[in-house]
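Novice: Dropping in structure01.txt, which is compact mmCIF, C-alpha atoms:
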# COMPACT_ATOMS: atom_id res chain seq x y z
CA MET Q 30 -15.12 -9.47 -0.02
CA GLY Q 31 -15.94 -12.12 2.57
CA GLN Q 32 -18.71 -13.56 0.42
CA ASN Q 33 -16.48 -13.64 -2.66
CA LEU Q 34 -13.57 -15.21 -0.78
CA ALA Q 35 -15.89 -17.99 0.44
CA LEU Q 36 -17.15 -18.57 -3.10
CA ASN Q 37 -13.54 -18.69 -4.36
CA ILE Q 38 -12.68 -21.37 -1.79
CA ALA Q 39 -15.76 -23.43 -2.69
CA ARG Q 40 -15.12 -23.09 -6.43
CA ASN Q 41 -11.66 -24.57 -5.89
CA GLY Q 42 -13.08 -27.73 -4.38
CA PHE Q 43 -12.93 -27.09 -0.63
CA PRO Q 44 -16.00 -27.46 1.64
CA VAL Q 45 -16.96 -24.15 3.28
CA THR Q 46 -19.30 -23.11 6.06
CA VAL Q 47 -20.44 -19.49 5.86
CA TYR Q 48 -21.81 -17.41 8.70
CA ASN Q 49 -22.94 -13.80 8.95
CA ARG Q 50 -24.83 -12.06 11.74
CA SER Q 51 -27.56 -11.36 9.17
CA TYR Q 52 -28.71 -14.70 7.78
CA ASP Q 53 -30.07 -13.08 4.62
CA LYS Q 54 -26.47 -12.41 3.58
CA THR Q 55 -25.61 -16.04 4.25
CA GLU Q 56 -28.53 -17.07 2.03
CA ALA Q 57 -27.33 -14.68 -0.69
CA THR Q 58 -23.92 -16.36 -0.59
CA LEU Q 59 -25.44 -19.83 -0.82
CA ALA Q 60 -27.50 -18.72 -3.81
CA ARG Q 61 -24.33 -17.78 -5.68
CA CYS Q 62 -22.61 -21.10 -5.01
CA GLY Q 63 -22.14 -23.23 -8.12
CA PRO Q 64 -23.54 -26.73 -8.67
CA GLY Q 65 -21.57 -29.50 -7.03
CA GLN Q 66 -19.77 -27.10 -4.70
CA LYS Q 67 -19.85 -27.83 -0.98
CA MET Q 68 -21.13 -24.84 0.98
CA PHE Q 69 -23.16 -24.90 4.19
CA GLY Q 70 -24.90 -21.90 5.71
CA ALA Q 71 -24.80 -21.66 9.50
CA LYS Q 72 -27.35 -19.65 11.47
CA THR Q 73 -25.31 -19.45 14.69
CA PRO Q 74 -21.63 -19.49 15.68
CA GLN Q 75 -22.29 -22.76 17.48
CA GLU Q 76 -23.72 -24.32 14.31
CA ALA Q 77 -20.78 -23.01 12.26
CA ALA Q 78 -18.20 -24.42 14.68
CA ALA Q 79 -19.99 -27.80 14.89
CA SER Q 80 -19.87 -28.16 11.10
CA LEU Q 81 -16.08 -27.81 10.87
CA VAL Q 82 -13.55 -30.63 11.04
CA ARG Q 83 -10.97 -30.23 13.78
CA PRO Q 84 -8.57 -28.56 13.97
CA ARG Q 85 -10.96 -25.88 12.73
CA LYS Q 86 -9.93 -23.05 10.41
CA LEU Q 87 -12.06 -19.97 11.10
CA ILE Q 88 -11.51 -17.28 8.48
CA LEU Q 89 -12.76 -13.80 9.45
CA LEU Q 90 -13.30 -10.92 7.06
CA VAL Q 91 -14.81 -8.12 9.12
CA LYS Q 92 -14.03 -4.45 9.65
CA ALA Q 93 -10.72 -3.79 11.42
CA GLY Q 94 -10.63 -2.83 15.08
CA GLN Q 95 -13.25 -3.71 17.68
CA PRO Q 96 -15.39 -5.81 15.27
CA VAL Q 97 -12.52 -8.31 14.98
CA ASP Q 98 -12.23 -8.62 18.76
CA ASP Q 99 -16.03 -8.93 19.08
CA THR Q 100 -16.20 -11.67 16.43
CA ILE Q 101 -13.37 -13.62 18.06
CA ALA Q 102 -15.09 -13.29 21.45
CA THR Q 103 -18.35 -14.59 19.92
CA PHE Q 104 -16.72 -17.69 18.43
CA LEU Q 105 -14.17 -18.53 21.11
CA PRO Q 106 -16.59 -20.42 23.39
CA CYS Q 107 -17.47 -22.65 20.40
CA LEU Q 108 -13.84 -23.53 19.59
CA GLN Q 109 -11.25 -25.80 21.17
CA PRO Q 110 -7.50 -25.46 21.76
CA GLY Q 111 -5.55 -26.13 18.57
CA ASP Q 112 -8.17 -24.48 16.34
CA MET Q 113 -6.97 -21.69 14.06
CA ILE Q 114 -8.40 -18.18 13.61
CA VAL Q 115 -7.39 -16.31 10.44
CA ASP Q 116 -8.01 -12.54 10.34
CA THR Q 117 -8.10 -11.44 6.69
CA GLY Q 118 -9.16 -7.83 7.27
CA ASN Q 119 -6.94 -4.74 7.25
CA SER Q 120 -6.01 -5.00 10.92
CA HIS Q 121 -3.36 -2.83 12.54
CA PRO Q 122 -0.19 -4.90 13.09
CA ASP Q 123 -0.14 -3.93 16.78
CA ASP Q 124 -3.64 -5.43 17.17
CA THR Q 125 -2.47 -8.58 15.39
CA GLU Q 126 0.44 -8.98 17.78
CA ARG Q 127 -1.89 -8.53 20.76
CA ARG Q 128 -4.46 -11.02 19.47
CA SER Q 129 -1.80 -13.59 18.59
CA ARG Q 130 -0.30 -13.33 22.06
CA ASP Q 131 -3.67 -13.50 23.86
CA LEU Q 132 -4.98 -16.42 21.81
CA ALA Q 133 -1.75 -18.38 22.09
CA GLY Q 134 -2.11 -18.14 25.87
CA LYS Q 135 -5.47 -19.87 25.52
CA GLY Q 136 -4.14 -22.59 23.21
CA PHE Q 137 -5.41 -21.20 19.91
CA ARG Q 138 -3.47 -20.44 16.73
CA PHE Q 139 -3.83 -17.04 15.07
CA VAL Q 140 -2.89 -15.91 11.57
CA GLY Q 141 -3.01 -12.30 10.38
CA MET Q 142 -3.37 -12.43 6.60
CA GLY Q 143 -3.42 -9.43 4.30
CA VAL Q 144 -5.73 -9.79 1.28
CA SER Q 145 -5.51 -7.43 -1.69
CA GLY Q 146 -7.58 -7.25 -4.84
CA GLY Q 147 -10.92 -5.87 -3.73
CA GLU Q 148 -14.16 -7.76 -4.28
CA GLU Q 149 -13.18 -8.96 -7.76
CA GLY Q 150 -9.80 -10.20 -6.56
CA ALA Q 151 -11.36 -12.05 -3.63
CA LEU Q 152 -13.56 -13.95 -6.08
CA ASN Q 153 -11.13 -14.54 -8.94
CA GLY Q 154 -7.74 -14.61 -7.25
CA PRO Q 155 -6.29 -12.13 -4.76
CA SER Q 156 -2.77 -11.54 -3.52
CA LEU Q 157 -2.50 -13.15 -0.08
CA MET Q 158 -0.02 -12.14 2.63
CA PRO Q 159 -0.29 -14.57 5.57
CA GLY Q 160 1.87 -14.20 8.65
CA GLY Q 161 2.15 -16.21 11.87
CA ASP Q 162 3.71 -19.60 12.58
CA ARG Q 163 5.05 -21.50 9.59
CA SER Q 164 3.14 -24.63 10.66
CA SER Q 165 -0.16 -22.73 10.46
CA TYR Q 166 0.72 -21.51 6.97
CA ASP Q 167 1.63 -25.03 5.87
CA GLU Q 168 -1.81 -26.21 7.00
CA LEU Q 169 -3.53 -23.41 5.08
CA ALA Q 170 -1.28 -23.54 2.02
CA PRO Q 171 -3.27 -26.13 -0.02
CA ILE Q 172 -6.27 -23.77 0.09
CA LEU Q 173 -4.38 -20.49 -0.27
CA LYS Q 174 -2.31 -21.63 -3.26
CA LYS Q 175 -5.49 -22.62 -5.10
CA ILE Q 176 -7.48 -19.45 -4.43
CA ALA Q 177 -4.66 -16.91 -4.95
CA ALA Q 178 -3.98 -15.11 -8.22
CA GLN Q 179 -1.65 -17.09 -10.48
CA VAL Q 180 1.36 -15.49 -12.21
CA ASP Q 181 4.18 -16.86 -14.35
CA ASP Q 182 6.19 -18.08 -11.36
CA GLY Q 183 3.46 -19.41 -9.10
CA PRO Q 184 0.50 -18.41 -6.93
CA CYS Q 185 0.50 -14.95 -5.38
CA VAL Q 186 0.86 -16.20 -1.82
CA THR Q 187 3.79 -17.00 0.42
CA HIS Q 188 4.50 -17.34 4.12
CA VAL Q 189 5.38 -13.68 4.58
CA GLY Q 190 6.88 -14.14 8.03
CA THR Q 191 6.17 -14.80 11.67
CA GLY Q 192 4.09 -12.73 14.08
CA SER Q 193 2.24 -9.77 12.57
CA ALA Q 194 4.29 -9.80 9.36
CA GLY Q 195 1.27 -10.48 7.15
CA HIS Q 196 -0.71 -7.46 8.29
CA PHE Q 197 2.40 -5.26 8.38
CA VAL Q 198 3.21 -6.12 4.76
CA LYS Q 199 -0.42 -5.48 3.74
CA MET Q 200 -0.35 -2.13 5.56
CA VAL Q 201 2.78 -1.06 3.66
CA HIS Q 202 1.22 -2.37 0.43
CA ASN Q 203 -1.65 0.03 1.08
CA GLY Q 204 0.73 2.88 1.86
CA ILE Q 205 2.42 2.30 -1.50
CA GLU Q 206 -1.04 2.16 -3.07
CA TYR Q 207 -1.83 5.59 -1.59
CA GLY Q 208 1.37 6.93 -3.13
CA ASP Q 209 0.62 5.38 -6.54
CA MET Q 210 -2.89 6.81 -6.61
CA GLN Q 211 -1.75 10.29 -5.60
CA LEU Q 212 1.02 10.34 -8.22
CA ILE Q 213 -1.50 9.35 -10.91
CA ALA Q 214 -3.89 12.06 -9.68
CA GLU Q 215 -1.11 14.63 -9.96
CA CYS Q 216 -0.43 13.55 -13.56
CA TYR Q 217 -4.15 13.91 -14.29
CA ASP Q 218 -4.02 17.44 -12.81
CA LEU Q 219 -0.95 18.32 -14.89
CA MET Q 220 -2.54 16.94 -18.05
CA GLN Q 221 -5.57 19.17 -17.54
CA HIS Q 222 -4.04 22.39 -16.29
CA VAL Q 223 -0.59 22.45 -17.87
CA LEU Q 224 -0.86 20.25 -20.96
CA GLY Q 225 -4.43 21.37 -21.78
CA MET Q 226 -5.82 17.86 -22.42
CA ASN Q 227 -9.48 16.83 -22.28
CA ALA Q 228 -10.81 13.61 -20.75
CA ALA Q 229 -10.67 11.60 -23.98
CA GLN Q 230 -7.09 12.68 -24.66
CA MET Q 231 -6.08 11.81 -21.11
CA ALA Q 232 -7.74 8.39 -21.43
CA ASP Q 233 -5.75 7.75 -24.60
CA ALA Q 234 -2.53 8.81 -22.85
CA PHE Q 235 -3.05 6.51 -19.86
CA ALA Q 236 -4.03 3.64 -22.17
CA ALA Q 237 -0.80 4.18 -24.13
CA TRP Q 238 1.23 4.35 -20.92
CA ASN Q 239 -0.29 1.02 -19.91
CA LYS Q 240 1.63 -0.57 -22.80
CA THR Q 241 4.97 0.69 -21.44
CA PHE Q 242 7.01 0.26 -18.24
CA LEU Q 243 4.06 1.91 -16.43
CA GLU Q 244 1.73 -1.03 -17.14
CA SER Q 245 -0.36 -1.59 -14.02
CA PHE Q 246 -3.87 -2.12 -12.73
CA LEU Q 247 -4.13 1.47 -11.49
CA ILE Q 248 -3.03 2.95 -14.85
CA GLU Q 249 -5.47 0.62 -16.63
CA ILE Q 250 -8.47 1.67 -14.52
CA THR Q 251 -7.51 5.35 -14.81
CA ALA Q 252 -7.94 5.09 -18.60
CA ARG Q 253 -11.29 3.34 -18.07
CA ILE Q 254 -12.46 6.01 -15.63
CA LEU Q 255 -11.54 8.86 -17.97
CA ARG Q 256 -13.51 7.26 -20.83
CA ALA Q 257 -16.71 6.92 -18.79
CA THR Q 258 -19.60 9.34 -19.44
CA ASP Q 259 -22.23 10.44 -16.92
CA PRO Q 260 -25.60 9.18 -18.28
CA VAL Q 261 -27.40 12.24 -16.86
CA THR Q 262 -25.23 15.18 -17.93
CA LYS Q 263 -23.30 13.43 -20.74
CA LYS Q 264 -20.14 14.96 -19.27
CA PRO Q 265 -17.08 12.91 -18.31
CA MET Q 266 -18.10 10.92 -15.22
CA VAL Q 267 -14.93 11.95 -13.39
CA ASP Q 268 -15.98 15.62 -13.64
CA MET Q 269 -19.18 14.87 -11.74
CA ILE Q 270 -17.37 13.41 -8.71
CA VAL Q 271 -16.63 15.69 -5.75
CA ASP Q 272 -12.88 16.06 -5.21
CA ARG Q 273 -12.96 14.68 -1.69
CA ALA Q 274 -11.11 11.36 -1.29
CA GLY Q 275 -11.86 9.07 1.63
CA GLN Q 276 -9.44 6.88 3.56
CA LYS Q 277 -9.85 3.92 5.90
CA GLY Q 278 -6.61 4.29 7.84
CA THR Q 279 -3.97 1.96 6.42
CA GLY Q 280 -2.13 4.77 4.61
CA LYS Q 281 -2.06 6.84 7.79
CA TRP Q 282 -0.87 3.82 9.80
CA THR Q 283 2.02 3.35 7.36
CA SER Q 284 2.96 6.99 7.79
CA GLU Q 285 2.73 6.79 11.58
CA ILE Q 286 4.76 3.58 11.87
CA ALA Q 287 7.40 4.92 9.49
CA LEU Q 288 7.83 7.86 11.90
CA ARG Q 289 8.05 5.36 14.76
CA TYR Q 290 10.96 3.64 13.00
CA GLY Q 291 12.55 6.86 11.75
CA ILE Q 292 12.22 5.81 8.09
CA PRO Q 293 11.52 8.58 5.56
CA VAL Q 294 8.42 7.88 3.45
CA PRO Q 295 7.69 11.37 2.09
CA THR Q 296 5.67 10.16 -0.91
CA MET Q 297 3.28 8.25 1.36
CA HIS Q 298 3.10 11.15 3.84
CA ALA Q 299 2.20 13.44 0.92
CA ALA Q 300 -0.49 11.06 -0.32
CA VAL Q 301 -2.16 10.98 3.11
CA GLU Q 302 -1.90 14.76 3.41
CA ALA Q 303 -3.40 15.21 -0.07
CA ARG Q 304 -6.47 13.25 1.02
CA CYS Q 305 -6.69 15.35 4.19
CA LEU Q 306 -6.51 18.54 2.10
CA SER Q 307 -9.16 17.19 -0.25
CA ALA Q 308 -11.48 16.74 2.76
CA MET Q 309 -11.24 20.50 3.45
CA LYS Q 310 -13.61 21.19 0.54
CA ASP Q 311 -15.55 24.09 2.07
CA GLN Q 312 -12.37 25.86 3.16
CA ARG Q 313 -10.80 25.40 -0.28
CA VAL Q 314 -13.88 26.82 -2.04
CA ALA Q 315 -13.71 29.89 0.19
CA ALA Q 316 -9.93 30.22 -0.15
CA GLN Q 317 -10.08 30.18 -3.95
CA LYS Q 318 -12.02 33.47 -3.83
CA GLN Q 319 -9.32 35.11 -1.71
CA LEU Q 320 -5.98 33.53 -2.54
CA ALA Q 321 -4.96 34.06 -6.15
CA GLY Q 322 -2.47 31.78 -7.89
CA PRO Q 323 -0.30 32.43 -10.94
CA ALA Q 324 -1.83 33.40 -14.27
CA ALA Q 325 -2.69 30.51 -16.58
CA GLY Q 326 -0.07 29.81 -19.22
CA GLN Q 327 -0.27 28.29 -22.69
CA PRO Q 328 -1.00 24.54 -22.95
CA MET Q 329 2.16 22.45 -23.29
CA PRO Q 330 1.12 19.07 -24.73
CA ALA Q 331 4.68 18.36 -25.86
CA LEU Q 332 5.58 17.59 -22.24
CA LEU Q 333 3.43 14.44 -22.06
CA ASP Q 334 6.45 12.11 -22.25
CA ALA Q 335 8.17 14.12 -19.51
CA VAL Q 336 5.11 13.65 -17.25
CA ARG Q 337 5.21 9.90 -17.96
CA ASP Q 338 8.89 9.69 -17.00
CA ALA Q 339 8.35 11.85 -13.90
CA LEU Q 340 5.59 9.49 -12.81
CA TYR Q 341 7.83 6.44 -13.14
CA CYS Q 342 10.72 8.14 -11.31
CA SER Q 343 8.38 9.10 -8.48
CA LYS Q 344 6.89 5.61 -8.37
CA ILE Q 345 10.33 4.04 -7.97
CA CYS Q 346 10.98 6.34 -4.99
CA SER Q 347 7.63 5.48 -3.41
CA TYR Q 348 8.33 1.73 -3.57
CA ALA Q 349 11.88 2.29 -2.31
CA GLN Q 350 10.44 3.99 0.76
CA GLY Q 351 7.93 1.21 1.44
CA LEU Q 352 10.50 -1.55 1.03
CA ASP Q 353 12.95 0.32 3.28
CA LEU Q 354 10.25 0.44 5.96
CA LEU Q 355 9.65 -3.31 5.57
CA ALA Q 356 13.36 -4.07 5.86
CA THR Q 357 13.73 -1.89 8.96
CA ALA Q 358 10.70 -3.39 10.71
CA ASP Q 359 11.94 -6.88 9.84
CA ALA Q 360 15.33 -6.14 11.39
CA ASP Q 361 13.49 -5.15 14.57
CA LYS Q 362 10.85 -7.92 14.67
CA LYS Q 363 12.88 -10.78 13.11
CA TRP Q 364 9.94 -11.88 10.93
CA GLY Q 365 12.11 -13.26 8.12
CA LEU Q 366 10.77 -11.13 5.27
CA ASP Q 367 11.98 -11.83 1.73
CA LEU Q 368 11.47 -8.57 -0.18
CA GLY Q 369 11.92 -10.20 -3.57
CA GLU Q 370 9.26 -12.78 -2.76
CA ILE Q 371 6.92 -10.05 -1.50
CA ALA Q 372 7.34 -8.23 -4.83
CA ARG Q 373 6.55 -11.53 -6.59
CA ILE Q 374 3.23 -12.08 -4.82
CA TRP Q 375 2.24 -8.47 -5.59
CA LYS Q 376 2.56 -9.14 -9.35
CA GLY Q 377 -0.98 -10.50 -9.58
CA GLY Q 378 -4.33 -10.06 -7.88
CA CYS Q 379 -3.53 -7.01 -5.80
CA ILE Q 380 -4.32 -3.33 -6.40
CA ILE Q 381 -0.67 -2.35 -7.00
CA ARG Q 382 0.02 -5.18 -9.46
CA ALA Q 383 2.31 -3.83 -12.16
CA ARG Q 384 5.02 -4.77 -14.65
CA PHE Q 385 7.41 -2.73 -12.48
CA LEU Q 386 7.27 -5.39 -9.74
CA ARG Q 387 9.24 -7.77 -11.96
CA SER Q 388 12.12 -5.29 -11.86
CA ILE Q 389 11.89 -5.14 -8.06
CA GLN Q 390 11.83 -8.94 -7.83
CA GLN Q 391 14.91 -9.10 -10.06
CA ALA Q 392 16.67 -6.38 -8.06
CA TYR Q 393 16.35 -8.36 -4.82
CA GLY Q 394 17.15 -11.59 -6.68
CA LYS Q 395 20.52 -10.08 -7.63
CA GLN Q 396 21.17 -8.54 -4.19
CA LYS Q 397 19.29 -10.04 -1.25
CA LYS Q 398 20.68 -7.35 1.05
CA LEU Q 399 20.05 -4.43 -1.31
CA GLY Q 400 20.23 -1.39 0.96
CA ASN Q 401 17.73 0.70 -0.98
CA LEU Q 402 15.88 0.14 -4.24
CA LEU Q 403 17.48 3.31 -5.65
CA LEU Q 404 20.84 1.50 -5.54
CA ASP Q 405 19.69 -1.07 -8.10
CA PRO Q 406 21.54 -0.23 -11.35
CA GLU Q 407 18.42 -0.54 -13.53
CA LEU Q 408 15.96 1.40 -11.37
CA GLY Q 409 18.40 3.92 -9.95
CA GLY Q 410 19.83 4.34 -13.43
CA PHE Q 411 16.38 5.29 -14.75
CA LEU Q 412 16.19 8.11 -12.18
CA VAL Q 413 19.62 9.44 -13.09
CA LYS Q 414 18.90 9.25 -16.81
CA ASN Q 415 15.43 10.85 -16.65
CA GLN Q 416 15.85 13.35 -13.82
CA ALA Q 417 15.84 16.32 -16.24
CA SER Q 418 12.25 15.53 -17.28
CA TRP Q 419 11.27 14.94 -13.64
CA ARG Q 420 12.71 18.30 -12.55
CA LYS Q 421 11.13 20.10 -15.48
CA VAL Q 422 7.68 18.74 -14.63
CA VAL Q 423 7.88 19.57 -10.91
CA ALA Q 424 9.27 23.07 -11.64
CA LEU Q 425 6.61 23.80 -14.26
CA ALA Q 426 3.88 22.59 -11.91
CA ALA Q 427 5.12 25.08 -9.29
CA GLU Q 428 5.17 27.88 -11.86
CA ARG Q 429 1.59 27.10 -12.90
CA GLY Q 430 0.28 26.65 -9.36
CA VAL Q 431 -0.48 22.93 -9.75
CA PRO Q 432 0.26 21.05 -6.50
CA THR Q 433 2.55 18.02 -6.77
CA LEU Q 434 2.79 16.97 -3.15
CA ALA Q 435 3.80 13.38 -3.91
CA MET Q 436 5.86 13.95 -7.07
CA GLY Q 437 7.75 16.82 -5.46
CA ALA Q 438 8.28 14.78 -2.30
CA SER Q 439 9.66 11.91 -4.37
CA LEU Q 440 12.11 14.20 -6.14
CA SER Q 441 13.26 15.68 -2.83
CA TYR Q 442 13.69 12.14 -1.45
CA PHE Q 443 15.93 11.31 -4.43
CA ASP Q 444 17.93 14.51 -4.02
CA SER Q 445 18.34 13.96 -0.28
CA TYR Q 446 19.32 10.30 -0.61
CA ARG Q 447 21.90 10.88 -3.36
CA ARG Q 448 23.76 13.66 -1.48
CA ALA Q 449 26.62 12.89 0.89
CA SER Q 450 26.12 16.28 2.62
CA LEU Q 451 22.83 17.77 3.77
CA PRO Q 452 22.13 21.07 5.59
CA GLN Q 453 21.27 19.33 8.86
CA ASN Q 454 24.73 20.25 10.16
CA LEU Q 455 23.14 23.68 10.70
CA THR Q 456 20.14 22.03 12.40
CA GLN Q 457 22.46 20.19 14.79
CA ALA Q 458 24.38 23.40 15.48
CA GLN Q 459 21.10 25.11 16.42
CA ARG Q 460 20.24 22.20 18.73
CA ASP Q 461 23.61 22.48 20.40
CA LEU Q 462 23.32 26.26 20.86
CA PHE Q 463 19.87 26.30 22.47
CA GLY Q 464 19.96 22.90 24.21
CA ALA Q 465 23.58 21.73 24.44
CA HIS Q 466 22.60 18.59 22.49
CA THR Q 467 26.20 18.17 21.22
CA PHE Q 468 27.35 17.17 17.73
CA GLU Q 469 29.84 15.03 15.85
CA ARG Q 470 32.80 16.67 14.06
CA THR Q 471 33.74 16.06 10.43
CA ASP Q 472 37.42 15.68 11.41
CA ARG Q 473 36.90 13.15 14.21
CA PRO Q 474 35.64 9.52 14.32
CA ALA Q 475 31.88 8.95 14.19
CA GLY Q 476 30.25 8.67 17.59
CA GLU Q 477 32.51 11.17 19.40
CA MET Q 478 30.32 13.98 20.69
CA PHE Q 479 31.29 17.63 21.21
CA HIS Q 480 29.77 20.86 22.52
CA HIS Q 481 30.71 24.37 21.42
CA GLU Q 482 30.43 27.56 23.49
CA TRP Q 483 28.56 29.63 20.91
CA PRO Q 484 29.17 33.41 20.87
Could I get this file's structure written as structure tokens?
Specialist:
Amino acid sequence: MGQNLALNIARNGFPVTVYNRSYDKTEATLARCGPGQKMFGAKTPQEAAASLVRPRKLILLVKAGQPVDDTIATFLPCLQPGDMIVDTGNSHPDDTERRSRDLAGKGFRFVGMGVSGGEEGALNGPSLMPGGDRSSYDELAPILKKIAAQVDDGPCVTHVGTGSAGHFVKMVHNGIEYGDMQLIAECYDLMQHVLGMNAAQMADAFAAWNKTFLESFLIEITARILRATDPVTKKPMVDMIVDRAGQKGTGKWTSEIALRYGIPVPTMHAAVEARCLSAMKDQRVAAQKQLAGPAAGQPMPALLDAVRDALYCSKICSYAQGLDLLATADADKKWGLDLGEIARIWKGGCIIRARFLRSIQQAYGKQKKLGNLLLDPELGGFLVKNQASWRKVVALAAERGVPTLAMGASLSYFDSYRRASLPQNLTQAQRDLFGAHTFERTDRPAGEMFHHEWP
């Protein structure tokens, strides 16, 4: 991604110096640079820094964690106060806050910028989520607006907010991405084991869905994946891939920080847990021999439209959870997030780009202080109208023994959010009985606390 981002910058008319610890990779980047483009390959950090006009803009794209700190430490002696360091990796927001604070104390500017779109997006136009001081963004903006993906209402970049806002928004983007991918995987599972569809039929279904309200990059590539054939066995390529999904951490971070803020994100939790369960391959192989599920039923291809609607309902809930987390963190950190603008820059370049984001942008355009995405008449109305299909799919999956961790979690989120009364009055009564934790009464003002002497 770093190589492609550098090539994108050079292609758009900006001079670039590239540096990598292994000079052969620097040479490979230079070899890809087009005629007339200004790119210089540095062999040392000192040479790289000397080639840049002050105030320097040092853009890092290295693995999150200690490698970012090590790279900053390597370059810092070559820089001068006023220079800017831009971290474009998937850094934890807490690390971004620490680095920003430490570097500011030394006179340097620091920008944490989320980048989404993978290697292809980095080359041809990613979605960019820069945080930090507005003045730093304004200095970077001429470059960022040129290299970002372009959609109908502008480049997919904005000043997300101050501090660690850029990396926080990218982290939540990835949490939503986890949820999207898990929901699609559950539909794939349902298509196989409840609807009785083969790979070609599933590819056709996803391709057709990509012409509806579900149009998105992830739906598009799912159809492509299901059409691919293994050149060795001639079987569907997807069938030759071990069902063990990896993860780099951003989904888990979203889940952890949501717990920190007390914001329910059950679809994202489920997506992380599904990947953890997939990693338990040996245990699952052994368990299948011992733990029987329900008997297989007849294929039910007529339910394909119901699965489509259940996917969209669940997707709306997943985004509602992510945006609720962003709003809550923003209220705490005072970053100045604009949720409608964030939805806008996700419309192109990034992994979760989808037609659906226009509806989110419009929802926040109508109500800047929208309390929850489910309260938007269009999106919430879709859930109310199509909940019968959603419930049917989740219930049938349970009957057939097909796990729907994310879809079921989304439905439970909807059912919990739409109810004025939940059974946690019993939970609070239990807490009061064993720990005298007190409770509020339904017939007294909120905030008054009581204790009961339980028999």
Novice: For region 405-412 of chain Q, work out the shell of residues within 7 Å, counting only C-alpha atoms and skipping chain neighbours fewer than 4 positions away, then give it as a list in words.
Specialist: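 The residues that qualify are Cys342, Ala392 and Gln416 of chain Q.
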Novice: Skipping near chain neighbours, those fewer than 2 positions away, what residues fall within 9 Å of Gln75 (chain Q) using all atoms listed in the file, listed as a VMD selection string?
Specialist: chain Q and resid 71 to 73 77 to 80 104 106 to 108
Novice: Return as a tab-separated table the residues of region 165-265 of chain Q lying at most 10 Å from region 433-450 of chain Q, together with the closest atom-to-atom pair for each and the distance in Å to one decimal, counting all atoms listed in the file, with rows in chain order and ascending residue number.
Specialist:
residue	atom	partner	partner_atom	distance
Q:Tyr207	CA	Q:Ala435	CA	9.9
Q:Gly208	CA	Q:Ala435	CA	6.9
Q:Asp209	CA	Q:Ala435	CA	9.0
Q:Met210	CA	Q:Ala435	CA	9.8
Q:Gln211	CA	Q:Ala435	CA	6.6
Q:Leu212	CA	Q:Ala435	CA	6.0
Q:Ile213	CA	Q:Met436	CA	9.5
Q:Ala214	CA	Q:Thr433	CA	9.2
Q:Glu215	CA	Q:Thr433	CA	5.9
Q:Cys216	CA	Q:Thr433	CA	8.7
Q:Asp218	CA	Q:Thr433	CA	8.9
Q:Leu219	CA	Q:Thr433	CA	8.8
Novice: With all atoms listed in the file as the counted atoms, please give the residues lying no more than 9 Å from Ala358 (chain Q), apart from itself and same-chain residues fewer than 5 positions off, as a PyMOL selection string.
Specialist: chain Q and resi 197+290+353+363-364
Novice: What's around Leu368 (chain Q) at 10 Å? Count only C-alpha atoms, leave out sequence neighbours fewer than 2 positions away in its own chain, and write the answer as a PDB file with C-alpha atoms, in the coordinates of the input.
Specialist:
ATOM      1  CA  VAL Q 189       5.380 -13.680   4.580  1.00  0.00           C
ATOM      2  CA  VAL Q 198       3.210  -6.120   4.760  1.00  0.00           C
ATOM      3  CA  LEU Q 352      10.500  -1.550   1.030  1.00  0.00           C
ATOM      4  CA  ASP Q 353      12.950   0.320   3.280  1.00  0.00           C
ATOM      5  CA  LEU Q 355       9.650  -3.310   5.570  1.00  0.00           C
ATOM      6  CA  ALA Q 356      13.360  -4.070   5.860  1.00  0.00           C
ATOM      7  CA  GLY Q 365      12.110 -13.260   8.120  1.00  0.00           C
ATOM      8  CA  LEU Q 366      10.770 -11.130   5.270  1.00  0.00           C
ATOM      9  CA  GLU Q 370       9.260 -12.780  -2.760  1.00  0.00           C
ATOM     10  CA  ILE Q 371       6.920 -10.050  -1.500  1.00  0.00           C
ATOM     11  CA  ALA Q 372       7.340  -8.230  -4.830  1.00  0.00           C
ATOM     12  CA  ARG Q 373       6.550 -11.530  -6.590  1.00  0.00           C
ATOM     13  CA  ILE Q 389      11.890  -5.140  -8.060  1.00  0.00           C
ATOM     14  CA  GLN Q 390      11.830  -8.940  -7.830  1.00  0.00           C
ATOM     15  CA  ALA Q 392      16.670  -6.380  -8.060  1.00  0.00           C
ATOM     16  CA  TYR Q 393      16.350  -8.360  -4.820  1.00  0.00           C
ATOM     17  CA  GLY Q 394      17.150 -11.590  -6.680  1.00  0.00           C
ATOM     18  CA  LYS Q 397      19.290 -10.040  -1.250  1.00  0.00           C
ATOM     19  CA  LYS Q 398      20.680  -7.350   1.050  1.00  0.00           C
ATOM     20  CA  LEU Q 399      20.050  -4.430  -1.310  1.00  0.00           C
TER      21      LEU Q 399
END
Novice: Contacts of Gly136 (chain Q) at 9 Å or less, counting only C-alpha atoms, minus same-chain residues fewer than 3 places along, as a VMD selection string?
Specialist: chain Q and resid 109 to 112 132 to 133
Novice: Of the candidates Q:Gly70, Q:Asp53, Q:Tyr217, Q:Ser284, which shows the shortest atom-to-atom distance to Thr251 (chain Q), using only C-alpha atoms?
Specialist: Q:Tyr217
Novice: Measuring between only C-alpha atoms, which one of Q:Gly65, Q:Gly146, Q:Pro96, Q:Pro484 shows the shortest distance to Arg50 (chain Q)?
Specialist: Q:Pro96
Novice: Find, counting all atoms listed in the file, the residue in Q:Ala102, Q:Ile374, Q:Ala236, Q:Cys305 that gets nearest to Asp181 (chain Q).
Specialist: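 Ranking Q:Ala102, Q:Ile374, Q:Ala236, Q:Cys305 by distance to Asp181 (chain Q), first place goes to Q:Ile374.
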